[in-house]
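Pasted below: final.csv, CSV, C-alpha atoms.
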```
chain,number,residue,atom,x,y,z
A,1,MET,CA,217.8,124.4,75.2
A,2,THR,CA,216.3,123.6,78.6
A,3,ASP,CA,214.2,126.1,80.5
A,4,ASP,CA,217.0,126.7,83.0
A,5,GLU,CA,219.4,127.4,80.2
A,6,LYS,CA,216.9,129.7,78.6
A,7,GLN,CA,216.3,131.6,81.8
A,8,GLN,CA,220.0,131.9,82.4
A,9,LEU,CA,220.5,133.3,78.9
A,10,ILE,CA,217.7,135.8,79.4
A,11,GLN,CA,219.3,136.9,82.7
A,12,GLN,CA,222.7,137.3,80.9
A,13,LEU,CA,221.1,139.3,78.1
A,14,ARG,CA,219.2,141.5,80.6
A,15,GLN,CA,222.5,142.2,82.5
A,16,ARG,CA,224.4,143.1,79.3
A,17,ALA,CA,221.5,145.4,78.2
A,18,TYR,CA,221.5,147.1,81.6
A,19,GLY,CA,225.2,147.7,81.4
A,20,LEU,CA,225.0,149.1,77.9
A,21,LEU,CA,222.1,151.4,78.7
A,22,SER,CA,223.7,152.6,81.9
A,23,ARG,CA,226.5,154.3,79.8
A,24,ARG,CA,224.4,155.9,77.1
A,25,GLU,CA,221.1,155.7,75.2
A,26,TYR,CA,220.9,153.1,72.4
A,27,SER,CA,218.3,152.8,69.6
A,28,ARG,CA,216.5,149.5,69.5
A,29,LEU,CA,218.4,148.4,66.4
A,30,GLU,CA,221.8,149.2,68.0
A,31,LEU,CA,220.8,147.4,71.2
A,32,ARG,CA,219.7,144.4,69.2
A,33,ARG,CA,223.0,144.3,67.3
A,34,LYS,CA,225.0,144.5,70.5
A,35,LEU,CA,223.1,141.7,72.2
A,36,ALA,CA,222.7,139.4,69.3
A,37,GLY,CA,224.9,136.4,69.2
A,38,ASP,CA,225.1,132.9,67.9
A,39,ASP,CA,223.3,131.4,70.9
A,40,VAL,CA,220.5,134.0,71.0
A,41,GLU,CA,217.2,133.3,69.5
A,42,ALA,CA,215.7,136.2,67.6
A,43,ALA,CA,212.3,135.8,69.2
A,44,LEU,CA,213.8,135.8,72.7
A,45,LEU,CA,215.8,138.9,72.0
A,46,GLU,CA,212.8,140.7,70.6
A,47,GLN,CA,210.8,139.8,73.7
A,48,LEU,CA,213.5,141.3,75.9
A,49,LEU,CA,213.7,144.4,73.8
A,50,ASP,CA,209.9,144.8,74.0
A,51,GLN,CA,210.1,144.5,77.8
A,52,PHE,CA,212.9,147.2,78.0
A,53,GLN,CA,210.8,149.5,75.8
A,54,GLN,CA,207.6,149.0,77.9
A,55,GLN,CA,209.5,149.6,81.1
A,56,GLY,CA,211.0,152.8,79.7
A,57,LEU,CA,214.6,151.6,79.9
A,58,GLN,CA,215.0,151.9,76.1
A,59,SER,CA,213.4,154.6,74.1
A,60,ASP,CA,214.1,155.5,70.4
A,61,GLN,CA,212.7,158.9,71.1
A,62,ARG,CA,215.1,159.5,74.0
A,63,PHE,CA,218.0,158.2,71.9
A,64,CYS,CA,217.0,160.4,69.0
A,65,GLU,CA,216.9,163.5,71.3
A,66,SER,CA,220.3,162.7,72.8
A,67,PHE,CA,221.9,161.9,69.4
A,68,ILE,CA,220.6,165.1,67.8
A,69,ARG,CA,222.0,167.3,70.7
A,70,SER,CA,225.4,165.6,70.4
A,71,ARG,CA,225.6,166.0,66.6
A,72,ILE,CA,224.5,169.6,66.8
A,73,GLY,CA,227.3,170.1,69.3
A,74,ARG,CA,229.7,168.6,66.8
A,75,GLY,CA,228.5,171.1,64.1
A,76,GLN,CA,226.6,168.6,61.9
A,77,GLY,CA,223.7,169.6,59.7
A,78,GLU,CA,220.2,168.1,59.7
A,79,ILE,CA,220.8,166.1,56.5
A,80,ARG,CA,223.7,164.2,57.9
A,81,ILE,CA,221.9,163.8,61.3
A,82,ILE,CA,218.9,162.2,59.6
A,83,GLN,CA,221.1,159.9,57.6
A,84,GLU,CA,223.0,158.7,60.7
A,85,LEU,CA,219.7,158.2,62.6
A,86,ARG,CA,218.4,156.1,59.7
A,87,GLN,CA,221.5,153.9,59.9
A,88,ARG,CA,220.7,153.4,63.6
A,89,GLY,CA,217.2,152.3,62.9
A,90,ILE,CA,215.3,155.5,63.6
A,91,GLU,CA,212.3,156.3,61.4
A,92,GLU,CA,212.6,159.5,59.4
A,93,GLU,CA,209.3,160.8,60.8
A,94,LEU,CA,210.6,160.6,64.3
A,95,SER,CA,214.0,162.1,63.3
A,96,ARG,CA,212.3,165.1,61.6
A,97,ASP,CA,209.9,165.6,64.6
A,98,GLN,CA,212.8,165.7,67.0
A,99,LEU,CA,214.9,168.0,64.8
A,100,GLU,CA,211.9,170.3,64.6
A,101,ALA,CA,211.5,170.2,68.4
A,102,CYS,CA,215.1,171.2,69.0
A,103,GLU,CA,214.4,174.6,67.3
A,104,GLN,CA,217.9,174.8,66.0
A,105,ASP,CA,218.8,177.7,63.6
A,106,TRP,CA,220.6,175.7,60.9
A,107,PHE,CA,221.7,178.7,59.0
A,108,GLU,CA,223.4,180.2,62.1
A,109,LEU,CA,225.0,176.8,62.9
A,110,ALA,CA,226.4,176.5,59.3
A,111,ARG,CA,227.8,180.0,59.6
A,112,SER,CA,229.3,179.2,63.0
A,113,VAL,CA,230.8,175.9,61.8
A,114,ARG,CA,232.4,177.6,58.7
A,115,GLN,CA,233.9,180.3,60.9
A,116,ARG,CA,235.3,177.9,63.4
A,117,ARG,CA,237.0,175.9,60.6
A,118,PHE,CA,238.1,178.6,58.3
A,119,GLY,CA,238.0,181.9,60.3
A,120,VAL,CA,235.7,184.9,60.1
A,121,ALA,CA,237.0,186.2,56.8
A,122,LEU,CA,234.9,185.2,53.8
A,123,PRO,CA,236.6,183.2,51.0
A,124,GLN,CA,238.0,185.5,48.3
A,125,ASP,CA,238.9,183.1,45.5
A,126,GLN,CA,236.8,180.4,43.8
A,127,LYS,CA,239.0,177.5,45.0
A,128,GLN,CA,238.6,178.5,48.7
A,129,ARG,CA,234.8,179.0,48.2
A,130,ALA,CA,234.5,175.5,46.7
A,131,LYS,CA,236.5,174.0,49.5
A,132,GLN,CA,234.4,175.6,52.2
A,133,LEU,CA,231.1,174.8,50.4
A,134,ARG,CA,232.1,171.1,50.0
A,135,PHE,CA,233.0,171.0,53.7
A,136,LEU,CA,229.6,172.4,54.8
A,137,LEU,CA,227.7,170.0,52.4
A,138,TYR,CA,229.7,167.1,53.8
A,139,ARG,CA,228.7,168.2,57.3
A,140,GLY,CA,225.1,167.8,56.3
A,141,PHE,CA,224.0,171.4,55.6
A,142,SER,CA,221.7,172.2,52.7
A,143,GLN,CA,222.9,174.2,49.7
A,144,GLU,CA,220.9,177.1,50.9
A,145,GLN,CA,222.3,176.9,54.4
A,146,ALA,CA,225.9,176.5,53.1
A,147,ARG,CA,225.5,179.5,50.8
A,148,PHE,CA,224.2,181.6,53.7
A,149,ALA,CA,227.3,180.6,55.7
A,150,MET,CA,229.5,181.6,52.8
A,151,GLU,CA,228.0,185.1,52.5
A,152,SER,CA,227.6,186.2,56.1
A,153,THR,CA,229.9,186.9,59.1
A,154,ASP,CA,229.3,187.9,62.7
A,155,GLU,CA,229.8,191.5,61.7
A,156,SER,CA,226.9,191.4,59.1
A,157,TRP,CA,224.4,190.6,61.8
```

Would you encode the structure as structure tokens?
Amino acid sequence: MTDDEKQQLIQQLRQRAYGLLSRREYSRLELRRKLAGDDVEAALLEQLLDQFQQQGLQSDQRFCESFIRSRIGRGQGEIRIIQELRQRGIEEELSRDQLEACEQDWFELARSVRQRRFGVALPQDQKQRAKQLRFLLYRGFSQEQARFAMESTDESW
């Protein structure tokens, strides 16, 4: 590959990255996956990603904050959020720090999610209880948070 071709490729990658980042935040891993192709050298791509990070155009911390806010809005618990962040290349330490910084009451969120899905009334039979518990655990809430949600309503506060 000649120097001109290399510069042209870098410019194309840069433009694609600008386009992607103008729509939403991406983790470094997601951006790498989006930009990687058959004709892209790994070292060249890493150099470009380093530049974007140094210039503040790409930030895993910003991505993490945005991702957590969006997932809380969807009613997901911290276990699932951490798992999804890990799949997107975010270190667990950064994930936990950002979750702590958001100061979310996970017990209250679990209760709210259960009530939105199943109504205010608490489950009466074992089958309904198990169904609601599985739903909350799938959503990423801990056993303790799910049990709290199953035992409290707005009226009990």

Ref. answer, residues at most 10 Å from (217.1, 139.1, 70.1) with all atoms listed in the file, as a ChimeraX atom specification: /A:10,13,31-37,39-50

Nearest to Ala110 (chain A) by atom-to-atom distance, counting all atoms listed in the file, from A:Ile72, A:Leu21, A:Cys64, A:Leu94: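 Counting all atoms listed in the file, the residue closest to Ala110 (chain A) is A:Ile72.
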
A:Ser59, A:Ser70, A:Ser152, A:Gln124 ranked by distance to Ser27 (chain A), top pick (using all atoms listed in the file): A:Ser59

Nearest candidate to Phe118 (chain A) (options A:Arg139, A:Arg88, A:Gly56, A:Met150; using all atoms listed in the file): A:Met150

Between CA of Gly73 (chain A) and CA of Phe148 (chain A) - distance in Å to one decimal: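 About the pair CA of Phe148 (chain A) and CA of Gly73 (chain A): they are 19.6 Å apart.
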
Surrounding residues of region 128-132 of chain A excluding itself and chain neighbours under 4 positions, 12 Å, all atoms listed in the file, as a count of residues only: 25

Using only C-alpha atoms: which of A:Ile79, A:Leu57, A:Thr2, A:Arg71 has the shortest distance to Gly19 (chain A):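 Result for the nearest residue to Gly19 (chain A): A:Leu57.
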
Pick from A:Tyr18, A:Gly140, A:Leu29, A:Ser66, whichever lies nearest to Gln87 (chain A) using only C-alpha atoms: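 Among the listed residues, A:Leu29 lies closest to Gln87 (chain A).
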
Atomic distance CA of Glu93 (chain A) - CA of Phe63 (chain A), expressed in Å with one decimal: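 Result for CA of Glu93 (chain A) versus CA of Phe63 (chain A): 14.3 Å, one decimal.
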
Top pick for closest residue to Gly77 (chain A), considering A:Asp105, A:Asp3, A:Glu65, A:Asp97 and counting only C-alpha atoms: A:Asp105

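CA of Leu20 (chain A) to CA of Glu5 (chain A) spans 22.5 Å [interatomic distance, one decimal].
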
Please, can region 57-75 of chain A be completed to N, CA, C and O atoms and returned as an mmCIF file, in the coordinates of the input?
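Okay, this is what ended up in part24.cif:
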```
data_model
loop_
_atom_site.group_PDB
_atom_site.id
_atom_site.type_symbol
_atom_site.label_atom_id
_atom_site.label_comp_id
_atom_site.auth_asym_id
_atom_site.auth_seq_id
_atom_site.Cartn_x
_atom_site.Cartn_y
_atom_site.Cartn_z
ATOM 1 N N LEU A 57 213.096 151.637 79.760
ATOM 2 C CA LEU A 57 214.600 151.600 79.900
ATOM 3 C C LEU A 57 215.230 151.855 78.538
ATOM 4 O O LEU A 57 216.360 152.335 78.510
ATOM 5 N N GLN A 58 214.534 151.560 77.452
ATOM 6 C CA GLN A 58 215.000 151.900 76.100
ATOM 7 C C GLN A 58 213.962 152.637 75.383
ATOM 8 O O GLN A 58 212.800 152.257 75.385
ATOM 9 N N SER A 59 214.371 153.759 74.792
ATOM 10 C CA SER A 59 213.400 154.600 74.100
ATOM 11 C C SER A 59 214.104 155.164 72.824
ATOM 12 O O SER A 59 215.131 155.844 72.951
ATOM 13 N N ASP A 60 213.530 154.903 71.665
ATOM 14 C CA ASP A 60 214.100 155.500 70.400
ATOM 15 C C ASP A 60 213.950 156.989 70.445
ATOM 16 O O ASP A 60 214.816 157.693 69.924
ATOM 17 N N GLN A 61 212.894 157.502 71.045
ATOM 18 C CA GLN A 61 212.700 158.900 71.100
ATOM 19 C C GLN A 61 213.798 159.599 71.964
ATOM 20 O O GLN A 61 214.389 160.595 71.567
ATOM 21 N N ARG A 62 214.078 159.023 73.123
ATOM 22 C CA ARG A 62 215.100 159.500 74.000
ATOM 23 C C ARG A 62 216.491 159.458 73.308
ATOM 24 O O ARG A 62 217.298 160.386 73.375
ATOM 25 N N PHE A 63 216.732 158.325 72.641
ATOM 26 C CA PHE A 63 218.000 158.200 71.900
ATOM 27 C C PHE A 63 218.109 159.240 70.841
ATOM 28 O O PHE A 63 219.162 159.860 70.693
ATOM 29 N N CYS A 64 217.030 159.457 70.114
ATOM 30 C CA CYS A 64 217.000 160.400 69.000
ATOM 31 C C CYS A 64 217.332 161.843 69.578
ATOM 32 O O CYS A 64 218.151 162.567 69.010
ATOM 33 N N GLU A 65 216.697 162.228 70.659
ATOM 34 C CA GLU A 65 216.900 163.500 71.300
ATOM 35 C C GLU A 65 218.408 163.690 71.661
ATOM 36 O O GLU A 65 219.043 164.707 71.369
ATOM 37 N N SER A 66 218.939 162.693 72.320
ATOM 38 C CA SER A 66 220.300 162.700 72.800
ATOM 39 C C SER A 66 221.288 162.763 71.585
ATOM 40 O O SER A 66 222.258 163.524 71.586
ATOM 41 N N PHE A 67 221.023 161.966 70.580
ATOM 42 C CA PHE A 67 221.900 161.900 69.400
ATOM 43 C C PHE A 67 221.892 163.246 68.678
ATOM 44 O O PHE A 67 222.954 163.727 68.278
ATOM 45 N N ILE A 68 220.727 163.853 68.520
ATOM 46 C CA ILE A 68 220.600 165.100 67.800
ATOM 47 C C ILE A 68 221.415 166.209 68.587
ATOM 48 O O ILE A 68 222.179 166.971 67.984
ATOM 49 N N ARG A 69 221.249 166.266 69.896
ATOM 50 C CA ARG A 69 222.000 167.300 70.700
ATOM 51 C C ARG A 69 223.502 167.069 70.518
ATOM 52 O O ARG A 69 224.253 168.031 70.351
ATOM 53 N N SER A 70 223.942 165.823 70.536
ATOM 54 C CA SER A 70 225.400 165.600 70.400
ATOM 55 C C SER A 70 225.893 165.951 69.027
ATOM 56 O O SER A 70 226.979 166.514 68.899
ATOM 57 N N ARG A 71 225.133 165.672 67.994
ATOM 58 C CA ARG A 71 225.600 166.000 66.600
ATOM 59 C C ARG A 71 225.530 167.493 66.362
ATOM 60 O O ARG A 71 226.378 168.008 65.642
ATOM 61 N N ILE A 72 224.573 168.187 66.924
ATOM 62 C CA ILE A 72 224.500 169.600 66.800
ATOM 63 C C ILE A 72 225.784 170.227 67.467
ATOM 64 O O ILE A 72 226.433 171.126 66.942
ATOM 65 N N GLY A 73 226.124 169.677 68.610
ATOM 66 C CA GLY A 73 227.300 170.100 69.300
ATOM 67 C C GLY A 73 228.595 169.895 68.505
ATOM 68 O O GLY A 73 229.574 170.625 68.651
ATOM 69 N N ARG A 74 228.590 168.894 67.663
ATOM 70 C CA ARG A 74 229.700 168.600 66.800
ATOM 71 C C ARG A 74 229.703 169.456 65.514
ATOM 72 O O ARG A 74 230.609 169.381 64.700
ATOM 73 N N GLY A 75 228.622 170.201 65.327
ATOM 74 C CA GLY A 75 228.500 171.100 64.100
ATOM 75 C C GLY A 75 228.048 170.336 62.898
ATOM 76 O O GLY A 75 228.453 170.673 61.791
#
```
